[in-house]
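Below you'll find the structure, written out as structure tokens, and then a few comments.
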Amino acid sequence: MLIHGFGRFIEIWETLFPALLPHFRVIAPGLPGFGRTDKPLRVSHGVVNMARFLRAFMASTHVERTHVAGHSFGGGVALQVVDPGGVGREVDLPSRLLTLPLVGELLSHRSHEDFRRFLSRSTTNTRMLTEENIDLLYEMSQLPGARNAFLKTARENGTFFRQKKQVYQPILCHLHEIERETLVV
């Protein structure tokens with residue numbers, strides 16, 4: 001099961017499918033509030049609730065065992081899925097700015113060109129910034145409710161200064177209790 005990160009969507013995994021499909025059944029569910037999923041504002045967008053959603057998804061689709069990989073925010077969700085109990089407190093500056101009232105709203109309303117510049121300044125792996133990926137990221141950010149869900153997720157999980165302690169502390173305290181083989185990067 002592949003879990004996308006903050007502000008992303010299931011399509012980011014498509015380039016991995018050819019390598020994985022010959023060996024695995026690949027499941028890449030969309031987290032609520034991202035991509036083409038529903039944008040429910042009355043539910044929590046925190047890692048714990050996202051993990052609950054994925055465990056319910058697994059139960060409803062009869063997935064009893066799976067390997068789990070998560071990207072960024074999805075990594076925190078992945079750790080909650082394998083051991084409910086999550087990740088570091090480091091958060092990049094653009095994500096921290098989104099937590100600020102008005103600043104987040106201003107940053108999340110971008111033209112396509114501004115969006116491209118923002119991504120080039122805030123992305124460490126610029127090889128992923130193909131025209132196709134930038135266009136898809138921009139398209140997803142323009143879907144109804146996407147900006148509100150994006151800001152709600154940023155604000156529920158972090159502050160301008162760091163990831164909220166209630167997000168990462170339970171994860172760090174329980175990492176030693178995970179009994180399954182787990183790679184945490």
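Just so we're on the same page: first chain in the structure tokens is A, next is B, and so on; residues restart at 1 for each chain, and ligands are numbered from 1 in the order they show up.
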
Neighbouring residues of Val43 in chain A were defined as those with any atom within 12 Å, considering only C-alpha atoms; residues of the same chain fewer than 6 positions away were excluded. Please report them as an NGL selection string. :A and (32-33 or 49-50 or 52-53 or 149 or 152-153 or 156)

Using only C-alpha atoms, pick whichever of A:His71, A:Asp114, A:Lys164, A:Val81 has the shortest atom-to-atom distance to Trp13 in chain A.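 Looking at the shortest contact to Trp13 in chain A, the residue is A:His71.
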
For range 125-136 of chain A, work out the shell of residues within 12 Å, counting only C-alpha atoms and skipping chain neighbours fewer than 3 positions away, then give it as an MDAnalysis selection string. chainID A and resid 7:15 35:36 111:122 139:143

DSSP on the backbone, then: every residue of chain A marked alpha helix (DSSP H), written as a ChimeraX atom specification. /A:17-20,47-60,73-82,93-98,103-108,112-122,131-141,146-157,165-174

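Distance check against Leu97 in chain A using only C-alpha atoms: of A:Ala154, A:Ala51, A:Leu137, A:Ala146, the minimum falls on A:Ala154.
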
So which residues touch Arg155 in chain A within 10 Å, counting only C-alpha atoms, skipping near sequence neighbours fewer than 5 positions away, as number ranges by chain? A: 45-46, 95-101, 104, 149-150, 160, 163-164

Just checking: using only C-alpha atoms, which residue out of A:His109, A:Arg147, A:Lys165, A:His67 ends up closest to Arg25 in chain A?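 Residue with the minimum atom-to-atom distance to Arg25 in chain A: A:His67.
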
Atom-to-atom span, CA of Phe73 in chain A and CA of Leu93 in chain A, Å: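 Separation of CA of Phe73 in chain A and CA of Leu93 in chain A: 14.8 Å.
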
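Neighbouring residues of Ala78 in chain A at 8 Å or closer, counting only C-alpha atoms and skipping chain neighbours under 2 positions away, are Ile3, Ala51, Val68, Ala69, Gly70, Gly74, Gly75, Gly76, Gln80, Val81, Val82 and Gly86 of chain A.
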
Strand (DSSP E or B) per DSSP on the backbone: members of range 50-177 of chain A, as a ChimeraX atom specification: /A:69-70,158,163

Please dump the current selection as a PDB file, in the first residue's frame; keep N, CA, C and O atoms.
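Output below, filename part-v7.pdb:
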```pdb
ATOM      1  N   ALA A  69       4.239   1.779   2.327  1.00  0.00           N
ATOM      2  CA  ALA A  69       5.236   2.816   2.061  1.00  0.00           C
ATOM      3  C   ALA A  69       4.516   4.154   2.075  1.00  0.00           C
ATOM      4  O   ALA A  69       3.429   4.292   1.503  1.00  0.00           O
ATOM      5  N   GLY A  70       5.113   5.117   2.746  1.00  0.00           N
ATOM      6  CA  GLY A  70       4.515   6.445   2.800  1.00  0.00           C
ATOM      7  C   GLY A  70       5.517   7.508   2.449  1.00  0.00           C
ATOM      8  O   GLY A  70       6.691   7.398   2.801  1.00  0.00           O
ATOM      9  N   GLY A 158       0.614  20.943  12.258  1.00  0.00           N
ATOM     10  CA  GLY A 158       1.816  21.721  12.489  1.00  0.00           C
ATOM     11  C   GLY A 158       1.523  23.158  12.865  1.00  0.00           C
ATOM     12  O   GLY A 158       0.392  23.626  12.821  1.00  0.00           O
ATOM     13  N   GLN A 163       6.309  20.675  13.587  1.00  0.00           N
ATOM     14  CA  GLN A 163       5.187  19.750  13.590  1.00  0.00           C
ATOM     15  C   GLN A 163       4.656  19.690  15.012  1.00  0.00           C
ATOM     16  O   GLN A 163       5.441  19.732  15.970  1.00  0.00           O
TER      17      GLN A 163
END
```
